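S.K.: Provided herewith is a single structure, encoded as structure tokens, for subsequent inquiry.
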Amino acid sequence: MDNTMKRIILLAFMTLNIFGLNADTLTLKAGHPDTYVVKKGDTLWDISGYFLKDPWRWPTLWGVNPQIANPHLIYPGDRLTLVFIDGQPRLVKKQHIKKGVEGRIVPKDGAIPAIDLALIQPYLLQNRVVEQEWLAAQPFVLSGESESKHHIINDVVFVNANMPMGQKVAIYESGREFLDTESGDVLGREIILTASGRVTADGEVSKVQLLSNLRETKVGYTVIPVEDEALMSAFFVPTAAALDVPASVIATASDNREAGKLEVVYLDKGLNAGVQPGHVFAIYRDGEEIILDNNGQPVRAVDRSSYDNVVAHFSNDKVFKVPDVYHGNLMVFKVFDKTSLGLIMMSDRPVRVKDKLVTPANLTLKGE
């Protein structure tokens with residue numbers, strides 16, 4: 001991935017709380033400067049921190065157009081001035097131009113990024129969720145030129161299909177089957193990216209050279225052609241998700257019990273439910289039911305006896321449901337028919353399976 005594409009993706013993820021809430025108002029930091037001269041090593045995050053109480057909202061300060069992937073290129077030496085347009089603060093730039101016969105020379109890669117490029121890594125999970133019937137019909141690895149059972153980068157593997165020379169492929173290991181938490185219906189099968197490759201010889205059995213690997217490739221792994229239109233979007237316009245029925249977390253990508261900030265989780269809603277890349281959800285844990293025992297004392301769910309459970313079922317006047325507990329926000333970055341993948345951008349508490357995903361009150365994805 002080249003630097004331009006990385007910056008575009010980073011720009012997309014930095015617009016996490018500005019679109020869809022037109023009535024939102026920026027809050028300037030006390031003691032903010034009126035001007036700022038960009039220095040080498042700055043990021044848009046750093047600069048916005050001089051002006052805004054919440055620097056994640058830098059695109060609003062710049063009046064970014066969500067339809068433009070590269071709205072502003074800011075270079076060292078640019079002078080930024082704080083102005084007010086229609087009562088809202090905006091930053092405008094005045095280029096620092098050196099007088100001389102050669103004018104101002106700006107390197108092609110000299111524009112400052114939105115944030116440290118290292119932060120892009122958590123976004124690049126390329127797992128998928130597919131129908132089991134579709135998966136069973138795809139080509140798979142028969143063996144390899146190496147006698148090893150485990151194949152890595154530069155190894156050649158054999159695939160049971162006639163694939164065109166030069167075809168780019170992705171190789172997947174079959175993972176978990178996901179079920180709807182309410183109905184138990186099958187939502188799809190997780191497939192986990194293990195390697196990428198390119199077809200080097202066609203025929204009834206094709207040869208694929210592995211060009212990269214995230215884990216070792218084994219016999220039986222699925223081989224899927226990579227089409228450009230199937231690649232992850234390079235630009236997102238984050239908006240508050242608004243579904244008729246709340247979504248739920250059905251799994252963590254790591255298969256751990258809990259997930260935190262900048263970790264990926266699976267959702268039980270996808271394209272069929274109206275979920276789109278860029279949708280932002282607030283994460284809540286269901287508030288527990290507290291019942292009153294015969295002495296009028298509150299009893300938590302974990303401490304209930306069988307009798308308490310009967311009381312909870314039949315005596316509404318002795319049951320109190322406490323409010324749902326806020327755990328954080330996430331943004332959807334990849335969507336399938338019945339499921340989707342989301343990145344946890346803010347986490348006050350660990351996120352778990354069955355946590356509820358609802359329309360956020362605002363799109364702030366960074367804590368104070």
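By order in the structure tokens, chains are A, B, ...; within a chain, residues start at 1; ligands start at 1, following the order shown.
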If you count only C-alpha atoms, which residues fall within 12 Å of region 147-156 of chain A, apart from same-chain ones fewer than 6 positions away, as a list in words?
M.R.: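 Near region 147-156 of chain A, the qualifying residues are Val141, Ile171, Thr194, Ala195, Ser196, Gly197, Arg198, Val199, Thr200, Ala201, Ser206, Lys207, Val208, Gln209, Leu210, Leu211, Ser212, Asn213, Leu214, Arg215, Glu216, Thr217, Lys218, Val219, Gly220 and Tyr221 of chain A.
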S.K.: If you run DSSP on this backbone, which residues of region 236-337 of chain A come out as alpha helix (DSSP H), and could you give them as a count of residues only?
M.R.: 9
S.K.: Taking the DSSP assignment computed from this structure's backbone, write out as number ranges by chain all residues of region 134-281 of chain A that belong to strand (DSSP E or B).
M.R.: A: 140-144, 151, 156-159, 168-179, 186-201, 206-213, 217, 222-225, 239-240, 247-252, 258-259, 264-267, 279-281
S.K.: Select, from A:Ser305, A:Asn295, A:Thr359, A:Ser174, the residue with the minimum atom-to-atom distance to Val245 (chain A), counting only C-alpha atoms.
M.R.: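 With only C-alpha atoms as the atom set, the closest residue is A:Thr359.
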S.K.: For Asp355 (chain A), which residue among A:Phe336, A:Tyr307, A:Tyr266, A:Phe84 is the nearest when counting only C-alpha atoms?
M.R.: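 Ranked by minimum distance to Asp355 (chain A), first place goes to A:Tyr266.
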S.K.: Leaving out region 319-324 of chain A and any residue of its chain fewer than 4 positions from it, which residues lie within 8 Å of it when counting only C-alpha atoms, given as a list in words?
M.R.: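 Returned residues: Tyr284, Arg285, Asp286, Gly287, Glu288, Glu289, Ile290, Ile291, Leu292, Ala312 and Ser315 of chain A.
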S.K.: Write a file of the just-selected residues containing all heavy atoms, as an mmCIF file, in the first residue's frame.
M.R.:
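Full text of selection_16.cif as output:
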data_model
loop_
_atom_site.group_PDB
_atom_site.id
_atom_site.type_symbol
_atom_site.label_atom_id
_atom_site.label_comp_id
_atom_site.auth_asym_id
_atom_site.auth_seq_id
_atom_site.Cartn_x
_atom_site.Cartn_y
_atom_site.Cartn_z
ATOM 1 N N TYR A 284 -23.443 -0.798 24.449
ATOM 2 C CA TYR A 284 -24.039 -0.836 25.783
ATOM 3 C C TYR A 284 -24.131 -2.278 26.282
ATOM 4 O O TYR A 284 -24.350 -3.213 25.496
ATOM 5 C CB TYR A 284 -25.449 -0.239 25.779
ATOM 6 C CG TYR A 284 -25.475 1.274 25.792
ATOM 7 C CD1 TYR A 284 -25.406 1.998 24.602
ATOM 8 C CD2 TYR A 284 -25.563 1.976 26.983
ATOM 9 C CE1 TYR A 284 -25.430 3.381 24.600
ATOM 10 C CE2 TYR A 284 -25.591 3.363 26.998
ATOM 11 C CZ TYR A 284 -25.525 4.059 25.811
ATOM 12 O OH TYR A 284 -25.534 5.429 25.819
ATOM 13 N N ARG A 285 -23.964 -2.459 27.577
ATOM 14 C CA ARG A 285 -24.256 -3.734 28.232
ATOM 15 C C ARG A 285 -25.641 -3.628 28.856
ATOM 16 O O ARG A 285 -25.954 -2.639 29.524
ATOM 17 C CB ARG A 285 -23.205 -3.992 29.319
ATOM 18 C CG ARG A 285 -23.349 -5.310 30.087
ATOM 19 C CD ARG A 285 -22.842 -6.502 29.321
ATOM 20 N NE ARG A 285 -21.566 -6.277 28.660
ATOM 21 C CZ ARG A 285 -20.360 -6.334 29.266
ATOM 22 N NH1 ARG A 285 -20.273 -6.583 30.565
ATOM 23 N NH2 ARG A 285 -19.249 -6.134 28.576
ATOM 24 N N ASP A 286 -26.489 -4.637 28.632
ATOM 25 C CA ASP A 286 -27.839 -4.629 29.196
ATOM 26 C C ASP A 286 -27.789 -4.428 30.706
ATOM 27 O O ASP A 286 -27.020 -5.109 31.410
ATOM 28 C CB ASP A 286 -28.551 -5.947 28.901
ATOM 29 C CG ASP A 286 -29.268 -5.914 27.553
ATOM 30 O OD1 ASP A 286 -29.523 -4.811 27.049
ATOM 31 O OD2 ASP A 286 -29.565 -6.987 27.015
ATOM 32 N N GLY A 287 -28.602 -3.512 31.182
ATOM 33 C CA GLY A 287 -28.704 -3.330 32.624
ATOM 34 C C GLY A 287 -29.329 -4.553 33.277
ATOM 35 O O GLY A 287 -30.278 -5.130 32.753
ATOM 36 N N GLU A 288 -28.808 -4.979 34.403
ATOM 37 C CA GLU A 288 -29.304 -6.205 35.035
ATOM 38 C C GLU A 288 -30.611 -5.953 35.790
ATOM 39 O O GLU A 288 -30.965 -4.814 36.106
ATOM 40 C CB GLU A 288 -28.260 -6.781 35.992
ATOM 41 C CG GLU A 288 -27.964 -5.922 37.200
ATOM 42 C CD GLU A 288 -27.027 -6.630 38.160
ATOM 43 O OE1 GLU A 288 -27.172 -7.858 38.363
ATOM 44 O OE2 GLU A 288 -26.144 -5.957 38.727
ATOM 45 N N GLU A 289 -31.338 -7.033 36.045
ATOM 46 C CA GLU A 289 -32.564 -6.967 36.818
ATOM 47 C C GLU A 289 -32.262 -7.208 38.294
ATOM 48 O O GLU A 289 -31.604 -8.190 38.649
ATOM 49 C CB GLU A 289 -33.572 -8.011 36.333
ATOM 50 C CG GLU A 289 -34.223 -7.671 35.008
ATOM 51 C CD GLU A 289 -35.326 -8.652 34.652
ATOM 52 O OE1 GLU A 289 -35.350 -9.753 35.246
ATOM 53 O OE2 GLU A 289 -36.155 -8.323 33.796
ATOM 54 N N ILE A 290 -32.723 -6.309 39.138
ATOM 55 C CA ILE A 290 -32.587 -6.437 40.581
ATOM 56 C C ILE A 290 -33.960 -6.769 41.156
ATOM 57 O O ILE A 290 -34.950 -6.120 40.794
ATOM 58 C CB ILE A 290 -32.071 -5.130 41.211
ATOM 59 C CG1 ILE A 290 -30.776 -4.665 40.509
ATOM 60 C CG2 ILE A 290 -31.851 -5.299 42.702
ATOM 61 C CD1 ILE A 290 -29.609 -5.587 40.686
ATOM 62 N N ILE A 291 -34.034 -7.778 42.005
ATOM 63 C CA ILE A 291 -35.316 -8.101 42.623
ATOM 64 C C ILE A 291 -35.229 -7.833 44.123
ATOM 65 O O ILE A 291 -34.127 -7.754 44.692
ATOM 66 C CB ILE A 291 -35.727 -9.562 42.376
ATOM 67 C CG1 ILE A 291 -34.784 -10.516 43.143
ATOM 68 C CG2 ILE A 291 -35.735 -9.886 40.901
ATOM 69 C CD1 ILE A 291 -35.320 -11.923 43.204
ATOM 70 N N LEU A 292 -36.399 -7.704 44.744
ATOM 71 C CA LEU A 292 -36.476 -7.528 46.193
ATOM 72 C C LEU A 292 -36.890 -8.847 46.830
ATOM 73 O O LEU A 292 -37.868 -9.478 46.408
ATOM 74 C CB LEU A 292 -37.485 -6.439 46.543
ATOM 75 C CG LEU A 292 -37.227 -5.040 45.956
ATOM 76 C CD1 LEU A 292 -38.287 -4.064 46.452
ATOM 77 C CD2 LEU A 292 -35.834 -4.553 46.309
ATOM 78 N N ALA A 312 -38.973 -13.014 40.245
ATOM 79 C CA ALA A 312 -38.655 -12.106 39.137
ATOM 80 C C ALA A 312 -39.582 -12.316 37.957
ATOM 81 O O ALA A 312 -39.897 -11.376 37.220
ATOM 82 C CB ALA A 312 -37.203 -12.315 38.715
ATOM 83 N N SER A 315 -43.596 -11.329 39.701
ATOM 84 C CA SER A 315 -43.881 -10.148 40.532
ATOM 85 C C SER A 315 -43.187 -8.920 39.974
ATOM 86 O O SER A 315 -42.055 -8.605 40.346
ATOM 87 C CB SER A 315 -43.435 -10.404 41.980
ATOM 88 O OG SER A 315 -44.074 -11.547 42.497
#
S.K.: What is the CA of Val130 (chain A)-CA of Glu204 (chain A) distance in Å, reported with one decimal?
M.R.: 25.7 Å
S.K.: Need to verify the contact set: Thr222 (chain A), 6 Å, only C-alpha atoms, exclusion of same-chain residues closer than 4 positions in sequence. Can you return it as a ChimeraX atom specification?
M.R.: /A:139-140,171-172
S.K.: Generate a file of the selected residues that holds N, CA and C atoms, formatted as a PDB file, in the first residue's frame.
M.R.:
ATOM      1  N   PRO A 139     -12.265 -23.186  -4.901  1.00  0.00           N
ATOM      2  CA  PRO A 139     -11.044 -24.001  -4.995  1.00  0.00           C
ATOM      3  C   PRO A 139     -10.321 -24.067  -3.649  1.00  0.00           C
ATOM      4  N   PHE A 140      -9.441 -25.063  -3.515  1.00  0.00           N
ATOM      5  CA  PHE A 140      -8.693 -25.186  -2.264  1.00  0.00           C
ATOM      6  C   PHE A 140      -7.295 -25.746  -2.537  1.00  0.00           C
ATOM      7  N   ILE A 171      -5.876 -16.567   0.321  1.00  0.00           N
ATOM      8  CA  ILE A 171      -6.027 -17.918   0.863  1.00  0.00           C
ATOM      9  C   ILE A 171      -6.565 -17.808   2.281  1.00  0.00           C
ATOM     10  N   TYR A 172      -7.626 -18.569   2.566  1.00  0.00           N
ATOM     11  CA  TYR A 172      -8.334 -18.449   3.834  1.00  0.00           C
ATOM     12  C   TYR A 172      -8.430 -19.789   4.548  1.00  0.00           C
TER      13      TYR A 172
END
S.K.: Calculate how many Å separate CA of Gln88 (chain A) from CA of Leu26 (chain A), rounding to one decimal.
M.R.: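 Between CA of Gln88 (chain A) and CA of Leu26 (chain A) the gap is 7.4 Å.
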S.K.: Can you list, as an mmCIF file with N, CA, C and O atoms, in the first residue's frame, every protein, DNA or RNA residue that comes within 12 Å of region 268-272 of chain A when you count only C-alpha atoms, leaving out same-chain residues fewer than 3 positions away?
M.R.:
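Printed below is part-v1.cif as written:
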data_model
loop_
_atom_site.group_PDB
_atom_site.id
_atom_site.type_symbol
_atom_site.label_atom_id
_atom_site.label_comp_id
_atom_site.auth_asym_id
_atom_site.auth_seq_id
_atom_site.Cartn_x
_atom_site.Cartn_y
_atom_site.Cartn_z
ATOM 1 N N VAL A 129 -16.990 -13.067 6.195
ATOM 2 C CA VAL A 129 -18.047 -13.979 6.619
ATOM 3 C C VAL A 129 -18.845 -14.345 5.375
ATOM 4 O O VAL A 129 -19.364 -13.456 4.682
ATOM 5 N N VAL A 130 -18.939 -15.642 5.072
ATOM 6 C CA VAL A 130 -19.532 -16.093 3.813
ATOM 7 C C VAL A 130 -20.536 -17.217 4.085
ATOM 8 O O VAL A 130 -20.558 -17.811 5.169
ATOM 9 N N GLU A 177 -18.532 -20.672 12.908
ATOM 10 C CA GLU A 177 -19.871 -20.448 12.372
ATOM 11 C C GLU A 177 -20.593 -19.497 13.318
ATOM 12 O O GLU A 177 -20.645 -19.734 14.527
ATOM 13 N N PHE A 178 -21.151 -18.412 12.772
ATOM 14 C CA PHE A 178 -21.824 -17.422 13.591
ATOM 15 C C PHE A 178 -23.335 -17.634 13.537
ATOM 16 O O PHE A 178 -23.912 -17.865 12.466
ATOM 17 N N LEU A 179 -23.967 -17.522 14.721
ATOM 18 C CA LEU A 179 -25.404 -17.692 14.843
ATOM 19 C C LEU A 179 -26.039 -16.423 15.368
ATOM 20 O O LEU A 179 -25.422 -15.685 16.149
ATOM 21 N N ASP A 180 -27.278 -16.158 14.945
ATOM 22 C CA ASP A 180 -28.041 -15.038 15.488
ATOM 23 C C ASP A 180 -28.297 -15.282 16.971
ATOM 24 O O ASP A 180 -28.738 -16.370 17.368
ATOM 25 N N THR A 181 -28.003 -14.270 17.795
ATOM 26 C CA THR A 181 -28.114 -14.450 19.242
ATOM 27 C C THR A 181 -29.551 -14.648 19.703
ATOM 28 O O THR A 181 -29.791 -15.220 20.767
ATOM 29 N N GLU A 182 -30.531 -14.184 18.919
ATOM 30 C CA GLU A 182 -31.930 -14.320 19.303
ATOM 31 C C GLU A 182 -32.577 -15.557 18.690
ATOM 32 O O GLU A 182 -33.163 -16.379 19.391
ATOM 33 N N SER A 183 -32.461 -15.701 17.369
ATOM 34 C CA SER A 183 -33.168 -16.773 16.667
ATOM 35 C C SER A 183 -32.372 -18.059 16.546
ATOM 36 O O SER A 183 -32.943 -19.137 16.342
ATOM 37 N N GLY A 184 -31.038 -17.959 16.643
ATOM 38 C CA GLY A 184 -30.199 -19.125 16.430
ATOM 39 C C GLY A 184 -29.934 -19.419 14.973
ATOM 40 O O GLY A 184 -29.261 -20.405 14.639
ATOM 41 N N ASP A 185 -30.462 -18.596 14.062
ATOM 42 C CA ASP A 185 -30.234 -18.796 12.627
ATOM 43 C C ASP A 185 -28.762 -18.612 12.294
ATOM 44 O O ASP A 185 -28.062 -17.801 12.904
ATOM 45 N N VAL A 186 -28.313 -19.351 11.286
ATOM 46 C CA VAL A 186 -26.920 -19.252 10.855
ATOM 47 C C VAL A 186 -26.705 -17.946 10.100
ATOM 48 O O VAL A 186 -27.444 -17.630 9.156
ATOM 49 N N LEU A 187 -25.705 -17.166 10.520
ATOM 50 C CA LEU A 187 -25.386 -15.901 9.866
ATOM 51 C C LEU A 187 -24.270 -16.045 8.844
ATOM 52 O O LEU A 187 -24.133 -15.205 7.954
ATOM 53 N N GLY A 188 -23.478 -17.086 8.960
ATOM 54 C CA GLY A 188 -22.394 -17.289 8.006
ATOM 55 C C GLY A 188 -21.204 -17.942 8.655
ATOM 56 O O GLY A 188 -21.161 -18.183 9.865
ATOM 57 N N ALA A 241 -25.263 5.257 13.073
ATOM 58 C CA ALA A 241 -26.103 4.154 12.611
ATOM 59 C C ALA A 241 -27.489 4.271 13.220
ATOM 60 O O ALA A 241 -27.636 4.635 14.388
ATOM 61 N N ALA A 242 -28.509 3.972 12.436
ATOM 62 C CA ALA A 242 -29.884 4.030 12.934
ATOM 63 C C ALA A 242 -30.638 2.837 12.369
ATOM 64 O O ALA A 242 -31.166 2.889 11.257
ATOM 65 N N LEU A 243 -30.672 1.730 13.127
ATOM 66 C CA LEU A 243 -31.361 0.521 12.699
ATOM 67 C C LEU A 243 -32.688 0.387 13.445
ATOM 68 O O LEU A 243 -32.845 0.877 14.560
ATOM 69 N N ASP A 244 -33.633 -0.315 12.816
ATOM 70 C CA ASP A 244 -34.922 -0.558 13.465
ATOM 71 C C ASP A 244 -34.754 -1.435 14.707
ATOM 72 O O ASP A 244 -35.458 -1.268 15.697
ATOM 73 N N VAL A 245 -33.818 -2.383 14.622
ATOM 74 C CA VAL A 245 -33.541 -3.291 15.736
ATOM 75 C C VAL A 245 -32.068 -3.156 16.101
ATOM 76 O O VAL A 245 -31.212 -3.156 15.217
ATOM 77 N N PRO A 246 -31.724 -3.014 17.391
ATOM 78 C CA PRO A 246 -30.305 -2.891 17.764
ATOM 79 C C PRO A 246 -29.494 -4.086 17.273
ATOM 80 O O PRO A 246 -29.992 -5.208 17.199
ATOM 81 N N ALA A 247 -28.252 -3.830 16.931
ATOM 82 C CA ALA A 247 -27.322 -4.896 16.588
ATOM 83 C C ALA A 247 -26.673 -5.415 17.865
ATOM 84 O O ALA A 247 -26.837 -4.839 18.948
ATOM 85 N N SER A 248 -25.942 -6.516 17.742
ATOM 86 C CA SER A 248 -25.240 -7.096 18.887
ATOM 87 C C SER A 248 -23.856 -7.539 18.463
ATOM 88 O O SER A 248 -23.609 -7.844 17.292
ATOM 89 N N VAL A 249 -22.954 -7.591 19.430
ATOM 90 C CA VAL A 249 -21.633 -8.178 19.207
ATOM 91 C C VAL A 249 -21.780 -9.694 19.275
ATOM 92 O O VAL A 249 -22.313 -10.222 20.255
ATOM 93 N N ILE A 250 -21.337 -10.407 18.224
ATOM 94 C CA ILE A 250 -21.452 -11.866 18.240
ATOM 95 C C ILE A 250 -20.116 -12.562 18.457
ATOM 96 O O ILE A 250 -20.092 -13.748 18.795
ATOM 97 N N ALA A 251 -19.007 -11.835 18.296
ATOM 98 C CA ALA A 251 -17.697 -12.448 18.515
ATOM 99 C C ALA A 251 -16.626 -11.372 18.475
ATOM 100 O O ALA A 251 -16.824 -10.305 17.882
ATOM 101 N N THR A 252 -15.500 -11.651 19.089
ATOM 102 C CA THR A 252 -14.318 -10.811 18.916
ATOM 103 C C THR A 252 -13.456 -11.443 17.843
ATOM 104 O O THR A 252 -13.430 -12.675 17.697
ATOM 105 N N VAL A 265 -14.425 -6.448 16.340
ATOM 106 C CA VAL A 265 -15.491 -7.367 16.726
ATOM 107 C C VAL A 265 -16.419 -7.600 15.541
ATOM 108 O O VAL A 265 -16.471 -6.807 14.599
ATOM 109 N N VAL A 275 -26.809 -1.958 7.335
ATOM 110 C CA VAL A 275 -25.513 -1.518 7.851
ATOM 111 C C VAL A 275 -24.593 -1.187 6.683
ATOM 112 O O VAL A 275 -24.542 -1.909 5.682
ATOM 113 N N GLN A 276 -23.843 -0.089 6.823
ATOM 114 C CA GLN A 276 -22.922 0.357 5.784
ATOM 115 C C GLN A 276 -21.561 0.663 6.399
ATOM 116 O O GLN A 276 -21.478 1.009 7.586
ATOM 117 N N PRO A 277 -20.476 0.544 5.616
ATOM 118 C CA PRO A 277 -19.173 0.987 6.120
ATOM 119 C C PRO A 277 -19.236 2.442 6.554
ATOM 120 O O PRO A 277 -19.823 3.280 5.860
ATOM 121 N N HIS A 279 -20.713 3.331 9.456
ATOM 122 C CA HIS A 279 -21.725 3.444 10.503
ATOM 123 C C HIS A 279 -21.079 3.364 11.878
ATOM 124 O O HIS A 279 -20.235 2.504 12.132
ATOM 125 N N PHE A 281 -21.703 2.968 15.989
ATOM 126 C CA PHE A 281 -22.623 2.471 17.011
ATOM 127 C C PHE A 281 -22.089 2.801 18.397
ATOM 128 O O PHE A 281 -20.868 2.794 18.624
ATOM 129 N N VAL A 332 -18.079 0.642 11.921
ATOM 130 C CA VAL A 332 -18.089 -0.462 10.966
ATOM 131 C C VAL A 332 -17.165 -0.132 9.807
ATOM 132 O O VAL A 332 -17.223 0.964 9.246
ATOM 133 N N PHE A 333 -16.278 -1.078 9.460
ATOM 134 C CA PHE A 333 -15.380 -0.813 8.335
ATOM 135 C C PHE A 333 -15.483 -1.864 7.237
ATOM 136 O O PHE A 333 -14.949 -1.689 6.155
ATOM 137 N N LYS A 334 -16.204 -2.948 7.484
ATOM 138 C CA LYS A 334 -16.381 -3.970 6.452
ATOM 139 C C LYS A 334 -17.726 -4.637 6.680
ATOM 140 O O LYS A 334 -18.065 -4.994 7.810
ATOM 141 N N VAL A 335 -18.502 -4.804 5.605
ATOM 142 C CA VAL A 335 -19.868 -5.288 5.737
ATOM 143 C C VAL A 335 -20.095 -6.489 4.823
ATOM 144 O O VAL A 335 -19.661 -6.502 3.668
ATOM 145 N N PHE A 336 -20.808 -7.493 5.353
ATOM 146 C CA PHE A 336 -21.231 -8.666 4.592
ATOM 147 C C PHE A 336 -22.760 -8.700 4.613
ATOM 148 O O PHE A 336 -23.402 -7.813 5.166
ATOM 149 N N ASP A 337 -23.358 -9.726 4.015
ATOM 150 C CA ASP A 337 -24.819 -9.762 3.901
ATOM 151 C C ASP A 337 -25.509 -9.728 5.267
ATOM 152 O O ASP A 337 -26.442 -8.949 5.487
ATOM 153 N N LYS A 338 -25.070 -10.578 6.188
ATOM 154 C CA LYS A 338 -25.760 -10.714 7.471
ATOM 155 C C LYS A 338 -24.901 -10.300 8.669
ATOM 156 O O LYS A 338 -25.393 -10.312 9.798
ATOM 157 N N THR A 339 -23.662 -9.970 8.435
ATOM 158 C CA THR A 339 -22.753 -9.594 9.520
ATOM 159 C C THR A 339 -21.875 -8.439 9.063
ATOM 160 O O THR A 339 -21.897 -8.033 7.908
ATOM 161 N N SER A 340 -21.082 -7.927 9.971
ATOM 162 C CA SER A 340 -20.129 -6.870 9.628
ATOM 163 C C SER A 340 -18.998 -6.860 10.644
ATOM 164 O O SER A 340 -19.081 -7.510 11.703
ATOM 165 N N LEU A 341 -17.950 -6.134 10.315
ATOM 166 C CA LEU A 341 -16.784 -5.987 11.180
ATOM 167 C C LEU A 341 -16.698 -4.546 11.655
ATOM 168 O O LEU A 341 -16.847 -3.610 10.861
ATOM 169 N N GLY A 342 -16.469 -4.351 12.943
ATOM 170 C CA GLY A 342 -16.356 -3.010 13.498
ATOM 171 C C GLY A 342 -15.102 -2.855 14.328
ATOM 172 O O GLY A 342 -14.646 -3.811 14.978
ATOM 173 N N VAL A 353 -19.253 -10.365 23.980
ATOM 174 C CA VAL A 353 -20.316 -10.925 23.148
ATOM 175 C C VAL A 353 -21.662 -10.640 23.806
ATOM 176 O O VAL A 353 -21.789 -10.684 25.036
ATOM 177 N N LYS A 354 -22.660 -10.310 22.977
ATOM 178 C CA LYS A 354 -24.026 -9.960 23.355
ATOM 179 C C LYS A 354 -24.163 -8.503 23.802
ATOM 180 O O LYS A 354 -25.273 -8.078 24.115
ATOM 181 N N ASP A 355 -23.088 -7.737 23.837
ATOM 182 C CA ASP A 355 -23.245 -6.313 24.086
ATOM 183 C C ASP A 355 -24.106 -5.711 22.969
ATOM 184 O O ASP A 355 -24.028 -6.122 21.810
ATOM 185 N N LYS A 356 -24.907 -4.731 23.335
ATOM 186 C CA LYS A 356 -25.900 -4.145 22.430
ATOM 187 C C LYS A 356 -25.314 -2.934 21.717
ATOM 188 O O LYS A 356 -24.585 -2.143 22.311
ATOM 189 N N LEU A 357 -25.649 -2.783 20.431
ATOM 190 C CA LEU A 357 -25.139 -1.691 19.604
ATOM 191 C C LEU A 357 -26.308 -0.837 19.134
ATOM 192 O O LEU A 357 -27.197 -1.329 18.438
ATOM 193 N N VAL A 358 -26.312 0.429 19.514
ATOM 194 C CA VAL A 358 -27.440 1.313 19.228
ATOM 195 C C VAL A 358 -26.943 2.618 18.616
ATOM 196 O O VAL A 358 -25.746 2.885 18.565
#
S.K.: Just the number, please: distance in Å from CA of Arg79 (chain A) to CA of Val92 (chain A), one decimal.
M.R.: 8.3 Å
